Amino acid sequence: MRRVYLDHGATTPVHPEVIEAMVACMRDHFGNPSSVHSFGREAKKLLEDARSNVAKLIGARPEEIIFTSGGTEADNLAIFGVARAMRKKGNHIITSAIEHHAVLDACLALKKEGFEITVLPVDEYGMVKIEDLKAALRPETTLVTIMHANNEVGTIQPIQEITRIVKEHGAIMHTDAVQTAGKIPVDVNDLGVDLLSASSHKIYGPKGVGCLYIRKGTKLFPLTHGGGQERKRRPGTENLPGIVGFGKAAEIMTRDLPEETSRMTKLRNRLIEGLTAIPEVKLNGHSTDRLPINVNVSIRYIEGESLLLMLDMKGIAGSSGSACTSGSLDPSHVLLAMGIPHEIAHGSLRLTLGRDNSEADIDYVLQVVPEIIERLRAMSPLYDRKEAQTCTPIK
Amino acid sequence: MRRVYLDHGATTPVHPEVIEAMVACMRDHFGNPSSVHSFGREAKKLLEDARSNVAKLIGARPEEIIFTSGGTEADNLAIFGVARAMRKKGNHIITSAIEHHAVLDACLALKKEGFEITVLPVDEYGMVKIEDLKAALRPETTLVTIMHANNEVGTIQPIQEITRIVKEHGAIMHTDAVQTAGKIPVDVNDLGVDLLSASSHKIYGPKGVGCLYIRKGTKLFPLTHGGGQERKRRPGTENLPGIVGFGKAAEIMTRDLPEETSRMTKLRNRLIEGLTAIPEVKLNGHSTDRLPINVNVSIRYIEGESLLLMLDMKGIAGSSGSACTSGSLDPSHVLLAMGIPHEIAHGSLRLTLGRDNSEADIDYVLQVVPEIIERLRAMSPLYDRKEAQTCTPIK
Amino acid sequence: MYTDKVMDHFMNPRNVGEIEKPSGVGEVGNPTCGDIMRIYIDVEDDIIKDVKFKTFGCGAAIATSSICTELVIGKSIDEALKLTNEAVAEALDGLPPQKMHCSNLAADALHKAIADYKAKREDSKE
Ligand SMILES: Cc1ncc(COP(=O)(O)O)c(C=O)c1O
Ligand SMILES: Cc1ncc(COP(=O)(O)O)c(C=O)c1O
Ligand code: FES
Ligand code: FES
């Protein structure tokens, strides 16, 4: 059976060159980078080479990169780290309603520690409004954390403009760039941010490694304590094979970015056109300020998990913001924040493109999806009603 | 040049079968374990198989294992997690003076949060005394954290007995088994502990992955917040290749433990005999309650870093508790806690054995080390003085 | 995640559709995740002759709907009323824990359809 992986927003296959670099590291340079001897020095060199490559990907200096166990830890380190370090200055933090749970849940946990959190709303395209941000900033605001691009609907925020306002106000600016670093141009100095999170497994590197960019001079408490690794900001023996893999992935992404971005954008646009041509299928997110790899549609009268299962039987891997896939009781907080009603969020489908996808993959998806929608709608009690015109139309 | 790696206490080479399993995982099963589709389900299966293998290594049930980014995070999660969760019950924590920095520094950080910390002393062999523990327990003691075996001097604590007393008192017991799990028999039910930390890279698995055993029913706050992975105790996309590698390493260690333990013990004893035959070289730590892989000696009148560098020139990799290697101003806190004077701790040498070491390696070391000691002592002003009998003798 | 039996009933659901002049109709919305099931029954002499369903929900919801229709066709309404959520889940060789609530949909909708049938019968007697 044809297998078409369209869940690159969740994770990506590991690039063969990345695997090669990791194997070489584990086979030939297994030392502990903290050790005095030659095994340690070799390991240390690999560590620092990887740091340079990751720094280059986002226009940073190597000494501003702290390796973490992934995007989640990077987000937590940034948010807890700055909030606690700046506590004497203020206890107010601003974030947005469409952040990843790594950011939102960290902010909620800070609330329990006595911090005040403002969660900015977004418009129907998932965009934060500048006026809302301006209105929310207070003298005691120490940190603003707003993601670069959203993982579900792909909307890209105007981080440069946001950061300018935040910095003018004297607060610290963090952005979760897990979905952008390596996928669209990201430069910490262009953006102006103080902190930026990235993750390896979204860009063809291994899972379990990420980084936090920390602009020189930014105060931050560590989350964990122990050895003096990573300038005391993140102790523990470094995940050397993972870091080496991340470094190699960053190198490849830096090299291939322009070409891949235009190729992805073309495939994405074809996929969006094809899917939204199906009756009562609507694009979620922004039509242009959008990740090149992201397609997200709501398909009325059907539920996302059953759609994913049927796609899976046809070899197609996607994801959904349906409550039934979330393990919790609610559909995607991102879709809800964009004002999409529960029952429509239930029928959302996210397809995220990657390096391995071809035009033929898109053809296959556009052949299979309409058939499956047809089948599921035929089973749906909501679709009946629609024919009887008792349903509220999609706005 | 012959290369003899004798720093297995710092980290180990990755076993070829481990590399193979990791490559297969990255090449063929790169999905996100949280995804609904077949790529996700395959990844989930690998994750759970690894969990079973790690559980088996320490006699636990799979659902009691939480994967972390290493031993440091496992220690921090246990200590912060329990201390904060039990805060209403009490604010007193007991640890020992020879813990790894991941434990000691976590406890120190808790002190800043208002906890009271008792640091138990150790005897000259690095052993915690049961009477000291009994005297330290208070009604408000919620957590006792004492390591299974020490990473520097290899002393194995009577954790079973300690745990019995702690549990009778109604407190929670954590042990850092980073140096024991996979090297000597470890069974969480024999030991009776509530929490136990282990790390992959000390047992021929990859760096950057470890686990915390959490006995069913033990309350614990997470360190980081985000997705619902690892039963909400440790969010973030799982380090799947690392975890698969750890699982494979655990499987190999479970299989080879008895044989390797007796082989290591023999090599260790030869090495100890040979080194302590050199004048004014003395064993640190316990002679029998000792890790099979650990040799630690103090070599008077010389300094550890220069010794390591000279050994390195001969292809031998070891480590030292010298202040000059520590990056801080003090020599090993472990040696100092054992009552070893500064100047003697300075001249400590740790050689830690592994699967790849042979009798011939020991021969080589026992030929090279005396020559180097000779050379360094010839340079040492202390050695002069010694001949003039002005130095305090080693007790 | 799902057993082979769940996947079979999900991919090849039995008795999907509607009954033109049903003896009873039951509809439930699962308040926990917003899913909906509607069941139609055709009853003759208190025996369920035919059942059809329509479901908006996850794989487990569709599979439980399907097996539920199979379990009750040919049964008396009294027997059908004894069908429990657990029995439905069991007939599918089990459901993942987080999906157990989906099995409520089917049995509840069926019981509602039977109640509807009984109410209609009472009405017509009057
Ligand atoms: C926007 C965003 N932030 C954070 C994360 C978490 O990163 P990681 O999976 O490396 O923990 C993800 C991915 O899951 C993400 O998409
Ligand atoms: C006793 C002990 N605890 C904790 C650690 C930390 O483990 P990791 O290196 O996996 O962070 C080590 C090793 O460095 C150790 O020897
Ligand atoms: S119908 Fe929503 S989880 Fe089953
Ligand atoms: S003599 Fe140089 S660091 Fe100690």
# chains A, B, ... in the order shown; residues from 1 in each chain; ligands from 1
>>> select_by_dssp(residues="range 168-346 of chain A", states="alpha helix (DSSP H)", output="JSON, numbers by chain")
{"A": [168, 169, 188, 189, 190, 191, 240, 241, 242, 243, 244, 245, 246, 247, 248, 249, 250, 251, 252, 253, 254, 255, 256, 257, 258, 259, 260, 261, 262, 263, 264, 265, 266, 267, 268, 269, 270, 271, 272, 273, 274, 275, 276, 304, 305, 306, 307, 308, 309, 310, 311, 312, 313, 323, 324, 325, 326, 333, 334, 335, 336, 337, 342, 343, 344, 345]}
>>> interface_residues(of="chain C", to="chain A", cutoff="8 Å", atoms="only C-alpha atoms", output="list in words")
Met11, Val16, Gly17, Thr32, Cys33, Gly34, Ile36, Met37, Arg38, Phe53, Lys54, Thr55, Phe56, Gly57, Cys58, Gly59 and Gln98 of chain C
>>> residues_around(residues="Asp176 in chain B", least_positions_apart="4", cutoff="12 Å", atoms="only C-alpha atoms", output="PyMOL selection string")
chain B and resi 70-79+95-96+98-104+144-151+156-157+159+180-181+186+188+193-199+210-213
>>> write_last_selection(atoms="C-alpha atoms", output="mmCIF file, in the first residue's frame")
data_model
loop_
_atom_site.group_PDB
_atom_site.id
_atom_site.type_symbol
_atom_site.label_atom_id
_atom_site.label_comp_id
_atom_site.auth_asym_id
_atom_site.auth_seq_id
_atom_site.Cartn_x
_atom_site.Cartn_y
_atom_site.Cartn_z
ATOM 1 C CA GLY B 70 18.996 11.548 32.167
ATOM 2 C CA GLY B 71 19.971 10.867 35.745
ATOM 3 C CA THR B 72 20.161 14.554 36.609
ATOM 4 C CA GLU B 73 16.578 15.214 35.578
ATOM 5 C CA ALA B 74 15.379 12.031 37.302
ATOM 6 C CA ASP B 75 17.017 13.149 40.567
ATOM 7 C CA ASN B 76 15.579 16.653 40.251
ATOM 8 C CA LEU B 77 12.117 15.346 39.395
ATOM 9 C CA ALA B 78 12.139 13.034 42.403
ATOM 10 C CA ILE B 79 13.381 15.633 44.861
ATOM 11 C CA THR B 95 20.269 13.598 52.211
ATOM 12 C CA SER B 96 23.933 12.684 52.547
ATOM 13 C CA ILE B 98 28.417 12.376 49.248
ATOM 14 C CA GLU B 99 25.478 12.633 46.872
ATOM 15 C CA HIS B 100 25.930 13.579 43.249
ATOM 16 C CA HIS B 101 25.498 17.308 42.568
ATOM 17 C CA ALA B 102 22.174 16.544 40.883
ATOM 18 C CA VAL B 103 20.848 15.599 44.333
ATOM 19 C CA LEU B 104 22.843 17.986 46.514
ATOM 20 C CA VAL B 144 15.031 10.963 52.390
ATOM 21 C CA THR B 145 17.347 10.748 49.390
ATOM 22 C CA ILE B 146 20.504 8.662 49.706
ATOM 23 C CA MET B 147 22.409 7.252 46.768
ATOM 24 C CA HIS B 148 22.768 3.536 46.162
ATOM 25 C CA ALA B 149 26.456 3.667 45.243
ATOM 26 C CA ASN B 150 28.745 6.622 45.021
ATOM 27 C CA ASN B 151 30.082 7.616 41.618
ATOM 28 C CA ILE B 156 27.529 0.938 48.285
ATOM 29 C CA GLN B 157 25.086 2.082 50.973
ATOM 30 C CA ILE B 159 19.736 1.078 51.121
ATOM 31 C CA THR B 180 24.204 0.694 40.248
ATOM 32 C CA ALA B 181 21.242 -0.078 37.963
ATOM 33 C CA VAL B 186 18.979 -3.692 41.786
ATOM 34 C CA VAL B 188 13.042 -1.843 43.765
ATOM 35 C CA VAL B 193 12.389 2.394 47.826
ATOM 36 C CA ASP B 194 9.591 4.640 46.550
ATOM 37 C CA LEU B 195 11.686 6.374 43.910
ATOM 38 C CA LEU B 196 14.853 5.381 42.084
ATOM 39 C CA SER B 197 16.865 7.212 39.420
ATOM 40 C CA ALA B 198 18.802 5.500 36.647
ATOM 41 C CA SER B 199 20.683 6.681 33.573
ATOM 42 C CA GLY B 210 17.297 8.113 31.997
ATOM 43 C CA CYS B 211 14.336 7.152 34.072
ATOM 44 C CA LEU B 212 12.669 7.657 37.374
ATOM 45 C CA TYR B 213 10.983 4.708 39.012
#
>>> atom_distance(atom1="CA of Gly59 in chain B", atom2="atom 11 (O, counted along the ligand's line) of ligand 2")
21.9 Å
>>> residues_around(residues="Tyr364 in chain A", least_positions_apart="2", cutoff="12 Å", atoms="only C-alpha atoms", output="list in words")
Met1, Arg2, Arg3, Val4, Tyr5, Leu6, Leu271, Gly274, Leu311, Lys314, Gly315, Ile316, Asn357, Ser358, Glu359, Ala360, Asp361, Ile362, Leu366, Gln367, Val368, Val369, Pro370 and Glu371 of chain A
>>> write_last_selection(atoms="N, CA and C atoms", output="short mmCIF file (atom, residue, chain, number, x, y, z; two decimals), in the first residue's frame")
data_model
loop_
_atom_site.label_atom_id
_atom_site.label_comp_id
_atom_site.auth_asym_id
_atom_site.auth_seq_id
_atom_site.Cartn_x
_atom_site.Cartn_y
_atom_site.Cartn_z
N MET A 1 0.84 -1.21 0.00
CA MET A 1 0.00 0.00 0.00
C MET A 1 0.87 1.26 0.00
N ARG A 2 0.42 2.26 -0.72
CA ARG A 2 1.10 3.55 -0.72
C ARG A 2 1.03 4.12 0.69
N ARG A 3 2.14 4.61 1.22
CA ARG A 3 2.10 5.29 2.53
C ARG A 3 2.48 6.75 2.32
N VAL A 4 1.59 7.63 2.71
CA VAL A 4 1.86 9.06 2.54
C VAL A 4 1.84 9.71 3.92
N TYR A 5 3.02 10.10 4.39
CA TYR A 5 3.11 10.72 5.71
C TYR A 5 2.85 12.21 5.57
N LEU A 6 1.79 12.67 6.18
CA LEU A 6 1.45 14.11 6.12
C LEU A 6 1.22 14.63 7.53
N LEU A 271 -2.95 21.41 -2.34
CA LEU A 271 -3.72 20.62 -1.39
C LEU A 271 -4.90 21.44 -0.84
N GLY A 274 -7.55 21.81 -3.58
CA GLY A 274 -8.28 20.55 -3.80
C GLY A 274 -9.25 20.25 -2.67
N LEU A 311 -8.31 7.34 6.81
CA LEU A 311 -7.14 7.76 6.03
C LEU A 311 -5.99 6.79 6.28
N LYS A 314 -5.89 3.82 4.37
CA LYS A 314 -5.43 4.07 2.99
C LYS A 314 -3.97 4.51 2.97
N GLY A 315 -3.30 4.41 4.10
CA GLY A 315 -1.88 4.72 4.16
C GLY A 315 -1.54 6.18 4.36
N ILE A 316 -2.57 7.01 4.61
CA ILE A 316 -2.31 8.44 4.76
C ILE A 316 -2.31 8.82 6.25
N ASN A 357 7.48 14.45 0.54
CA ASN A 357 6.20 14.45 -0.19
C ASN A 357 6.38 14.92 -1.64
N SER A 358 5.61 14.29 -2.53
CA SER A 358 5.69 14.60 -3.97
C SER A 358 4.32 15.06 -4.48
N GLU A 359 4.30 15.53 -5.70
CA GLU A 359 3.04 15.89 -6.36
C GLU A 359 2.11 14.67 -6.38
N ALA A 360 2.70 13.50 -6.61
CA ALA A 360 1.88 12.27 -6.70
C ALA A 360 1.19 11.99 -5.36
N ASP A 361 1.87 12.33 -4.25
CA ASP A 361 1.24 12.17 -2.94
C ASP A 361 -0.03 13.03 -2.84
N ILE A 362 0.08 14.24 -3.33
CA ILE A 362 -1.06 15.17 -3.27
C ILE A 362 -2.20 14.62 -4.13
N LEU A 366 -5.88 13.74 -2.73
CA LEU A 366 -7.07 14.41 -3.27
C LEU A 366 -8.04 13.43 -3.94
N GLN A 367 -7.54 12.23 -4.20
CA GLN A 367 -8.43 11.19 -4.71
C GLN A 367 -9.13 10.49 -3.54
N VAL A 368 -8.37 10.20 -2.49
CA VAL A 368 -8.88 9.40 -1.37
C VAL A 368 -9.81 10.19 -0.43
N VAL A 369 -9.40 11.42 -0.11
CA VAL A 369 -10.14 12.17 0.91
C VAL A 369 -11.62 12.37 0.57
N PRO A 370 -11.96 12.79 -0.66
CA PRO A 370 -13.39 13.00 -0.95
C PRO A 370 -14.22 11.72 -0.77
N GLU A 371 -13.67 10.58 -1.17
CA GLU A 371 -14.39 9.32 -1.00
C GLU A 371 -14.68 9.05 0.47
#
>>> residues_around(residues="Glu20 in chain C", least_positions_apart="2", cutoff="12 Å", atoms="only C-alpha atoms", output="list of chain:residue names")
C:Gly17, C:Glu18, C:Pro22, C:Ser23, C:Gly24, C:Val25, C:Tyr40, C:Ile41, C:Asp42, C:Asp50, C:Val51, C:Lys52
>>> write_last_selection(atoms="all heavy atoms", output="mmCIF file, in the first residue's frame")
data_model
loop_
_atom_site.group_PDB
_atom_site.id
_atom_site.type_symbol
_atom_site.label_atom_id
_atom_site.label_comp_id
_atom_site.auth_asym_id
_atom_site.auth_seq_id
_atom_site.Cartn_x
_atom_site.Cartn_y
_atom_site.Cartn_z
ATOM 1 N N GLY C 17 -27.820 3.585 8.412
ATOM 2 C CA GLY C 17 -28.896 4.179 7.640
ATOM 3 C C GLY C 17 -30.091 4.558 8.484
ATOM 4 O O GLY C 17 -29.952 4.808 9.686
ATOM 5 N N GLU C 18 -31.255 4.594 7.832
ATOM 6 C CA GLU C 18 -32.474 5.013 8.519
ATOM 7 C C GLU C 18 -33.579 4.016 8.188
ATOM 8 O O GLU C 18 -33.485 3.295 7.201
ATOM 9 C CB GLU C 18 -32.894 6.404 8.032
ATOM 10 C CG GLU C 18 -31.880 7.475 8.354
ATOM 11 C CD GLU C 18 -32.130 8.771 7.598
ATOM 12 O OE1 GLU C 18 -33.270 8.981 7.148
ATOM 13 O OE2 GLU C 18 -31.168 9.548 7.459
ATOM 14 N N PRO C 22 -40.138 4.152 11.304
ATOM 15 C CA PRO C 22 -39.624 3.382 12.441
ATOM 16 C C PRO C 22 -40.660 3.256 13.548
ATOM 17 O O PRO C 22 -41.505 4.132 13.709
ATOM 18 C CB PRO C 22 -38.446 4.227 12.917
ATOM 19 C CG PRO C 22 -38.779 5.614 12.516
ATOM 20 C CD PRO C 22 -39.604 5.522 11.270
ATOM 21 N N SER C 23 -40.544 2.164 14.308
ATOM 22 C CA SER C 23 -41.407 2.014 15.481
ATOM 23 C C SER C 23 -40.919 2.940 16.593
ATOM 24 O O SER C 23 -41.695 3.346 17.451
ATOM 25 C CB SER C 23 -41.372 0.581 15.998
ATOM 26 O OG SER C 23 -41.421 -0.338 14.941
ATOM 27 N N GLY C 24 -39.608 3.209 16.574
ATOM 28 C CA GLY C 24 -39.059 4.110 17.592
ATOM 29 C C GLY C 24 -37.731 4.698 17.122
ATOM 30 O O GLY C 24 -37.021 4.075 16.322
ATOM 31 N N VAL C 25 -37.417 5.898 17.616
ATOM 32 C CA VAL C 25 -36.135 6.538 17.290
ATOM 33 C C VAL C 25 -35.517 7.022 18.600
ATOM 34 O O VAL C 25 -36.233 7.556 19.465
ATOM 35 C CB VAL C 25 -36.317 7.760 16.363
ATOM 36 C CG1 VAL C 25 -34.972 8.402 16.043
ATOM 37 C CG2 VAL C 25 -37.027 7.366 15.080
ATOM 38 N N TYR C 40 -32.643 3.808 14.915
ATOM 39 C CA TYR C 40 -34.029 3.589 14.475
ATOM 40 C C TYR C 40 -34.345 2.110 14.697
ATOM 41 O O TYR C 40 -33.515 1.251 14.353
ATOM 42 C CB TYR C 40 -34.181 3.848 12.980
ATOM 43 C CG TYR C 40 -33.770 5.226 12.522
ATOM 44 C CD1 TYR C 40 -32.422 5.551 12.307
ATOM 45 C CD2 TYR C 40 -34.728 6.210 12.266
ATOM 46 C CE1 TYR C 40 -32.051 6.798 11.868
ATOM 47 C CE2 TYR C 40 -34.364 7.469 11.818
ATOM 48 C CZ TYR C 40 -33.022 7.757 11.613
ATOM 49 O OH TYR C 40 -32.655 8.999 11.161
ATOM 50 N N ILE C 41 -35.540 1.822 15.266
ATOM 51 C CA ILE C 41 -35.900 0.409 15.403
ATOM 52 C C ILE C 41 -37.252 0.141 14.743
ATOM 53 O O ILE C 41 -38.127 1.005 14.690
ATOM 54 C CB ILE C 41 -35.947 -0.047 16.889
ATOM 55 C CG1 ILE C 41 -36.826 0.879 17.720
ATOM 56 C CG2 ILE C 41 -34.561 -0.131 17.478
ATOM 57 C CD1 ILE C 41 -37.069 0.356 19.140
ATOM 58 N N ASP C 42 -37.349 -1.102 14.241
ATOM 59 C CA ASP C 42 -38.611 -1.573 13.666
ATOM 60 C C ASP C 42 -39.046 -2.763 14.528
ATOM 61 O O ASP C 42 -38.344 -3.778 14.592
ATOM 62 C CB ASP C 42 -38.361 -1.997 12.213
ATOM 63 C CG ASP C 42 -39.650 -2.457 11.546
ATOM 64 O OD1 ASP C 42 -40.742 -2.103 12.045
ATOM 65 O OD2 ASP C 42 -39.547 -3.190 10.535
ATOM 66 N N ASP C 50 -35.693 -4.957 12.925
ATOM 67 C CA ASP C 50 -34.614 -4.277 12.200
ATOM 68 C C ASP C 50 -34.122 -3.082 13.025
ATOM 69 O O ASP C 50 -34.887 -2.497 13.802
ATOM 70 C CB ASP C 50 -35.136 -3.799 10.836
ATOM 71 C CG ASP C 50 -33.988 -3.465 9.874
ATOM 72 O OD1 ASP C 50 -32.821 -3.788 10.212
ATOM 73 O OD2 ASP C 50 -34.249 -2.874 8.804
ATOM 74 N N VAL C 51 -32.862 -2.788 12.850
ATOM 75 C CA VAL C 51 -32.253 -1.633 13.510
ATOM 76 C C VAL C 51 -31.349 -0.924 12.509
ATOM 77 O O VAL C 51 -30.661 -1.587 11.721
ATOM 78 C CB VAL C 51 -31.386 -2.042 14.729
ATOM 79 C CG1 VAL C 51 -30.929 -0.808 15.493
ATOM 80 C CG2 VAL C 51 -32.104 -2.996 15.645
ATOM 81 N N LYS C 52 -31.384 0.379 12.518
ATOM 82 C CA LYS C 52 -30.421 1.146 11.701
ATOM 83 C C LYS C 52 -29.862 2.271 12.558
ATOM 84 O O LYS C 52 -30.483 2.709 13.527
ATOM 85 C CB LYS C 52 -31.127 1.744 10.478
ATOM 86 C CG LYS C 52 -31.564 0.713 9.436
ATOM 87 C CD LYS C 52 -30.543 0.622 8.331
ATOM 88 C CE LYS C 52 -31.034 -0.183 7.124
ATOM 89 N NZ LYS C 52 -30.961 -1.642 7.344
#
>>> closest_residue(among="A:Gly154, A:Gly227, A:Gly354, A:Pro279", to="chain B", atoms="only C-alpha atoms")
A:Gly227
>>> closest_residue(among="B:Arg255, B:Arg84, B:Arg51, B:Lys219", to="chain A", atoms="only C-alpha atoms")
B:Arg84
>>> interface_residues(of="chain B", to="chain A", cutoff="6 Å", atoms="only C-alpha atoms", output="PDB file with C-alpha atoms, in the first residue's frame")
ATOM      1  CA  THR B  11      30.192   7.506  30.623  1.00  0.00           C
ATOM      2  CA  PRO B  13      30.764   3.504  24.930  1.00  0.00           C
ATOM      3  CA  VAL B  14      27.442   2.731  23.262  1.00  0.00           C
ATOM      4  CA  MET B  26      15.039   6.300  13.473  1.00  0.00           C
ATOM      5  CA  PHE B  30      10.034   7.702  13.310  1.00  0.00           C
ATOM      6  CA  ASN B  32       5.251  10.432  17.225  1.00  0.00           C
ATOM      7  CA  HIS B  37      -2.021   6.688  12.698  1.00  0.00           C
ATOM      8  CA  THR B  72      20.161  14.554  36.609  1.00  0.00           C
ATOM      9  CA  HIS B 101      25.498  17.308  42.568  1.00  0.00           C
ATOM     10  CA  ALA B 102      22.174  16.544  40.883  1.00  0.00           C
ATOM     11  CA  ASP B 105      22.190  21.049  44.370  1.00  0.00           C
ATOM     12  CA  ALA B 106      18.489  20.226  44.059  1.00  0.00           C
ATOM     13  CA  LYS B 207      23.486   9.849  26.638  1.00  0.00           C
ATOM     14  CA  GLY B 208      20.506  12.081  27.292  1.00  0.00           C
ATOM     15  CA  HIS B 225       4.385  21.362  31.961  1.00  0.00           C
ATOM     16  CA  GLY B 226       2.954  20.679  28.533  1.00  0.00           C
ATOM     17  CA  GLY B 227       1.569  17.668  26.697  1.00  0.00           C
ATOM     18  CA  GLY B 236       7.320  16.654  25.744  1.00  0.00           C
ATOM     19  CA  GLU B 238       9.500  11.354  23.945  1.00  0.00           C
ATOM     20  CA  ASN B 239      13.168  10.866  23.047  1.00  0.00           C
ATOM     21  CA  ASP B 312      46.086  10.659  28.460  1.00  0.00           C
ATOM     22  CA  ALA B 317      41.506   7.795  30.248  1.00  0.00           C
TER      23      ALA B 317
END
>>> residues_around(residues="Glu260 in chain A", least_positions_apart="5", cutoff="12 Å", atoms="only C-alpha atoms", output="list in words")
Gly182, Lys183, Ile184, Pro185, Ile203, Ile252, Met253, Thr254, Arg255, Thr265, Lys266, Leu267, Arg268, Pro292, Ile293, Leu353, Gly354, Arg355, Asp356, Asn357 and Ser358 of chain A
>>> atom_distance(atom1="CA of Gly114 in chain A", atom2="CA of His92 in chain A")
9.5 Å
>>> atom_distance(atom1="CA of Lys248 in chain A", atom2="atom 14 (O, counted along the ligand's line) of ligand 1")
20.1 Å
>>> residues_around(residues="Asp4 in chain C", least_positions_apart="2", cutoff="12 Å", atoms="only C-alpha atoms", output="list in words")
Met1, Tyr2, Val6, Met7, Asp8, His9, Phe10, Met11, Asn12, Gly59, Ala60, Ala63, Ala91, Leu92, Asp93, Gly94 and Leu95 of chain C
>>> select_by_dssp(residues="chain C", states="strand (DSSP E)", output="PyMOL selection string")
chain C and resi 24-30+35-44+47-56
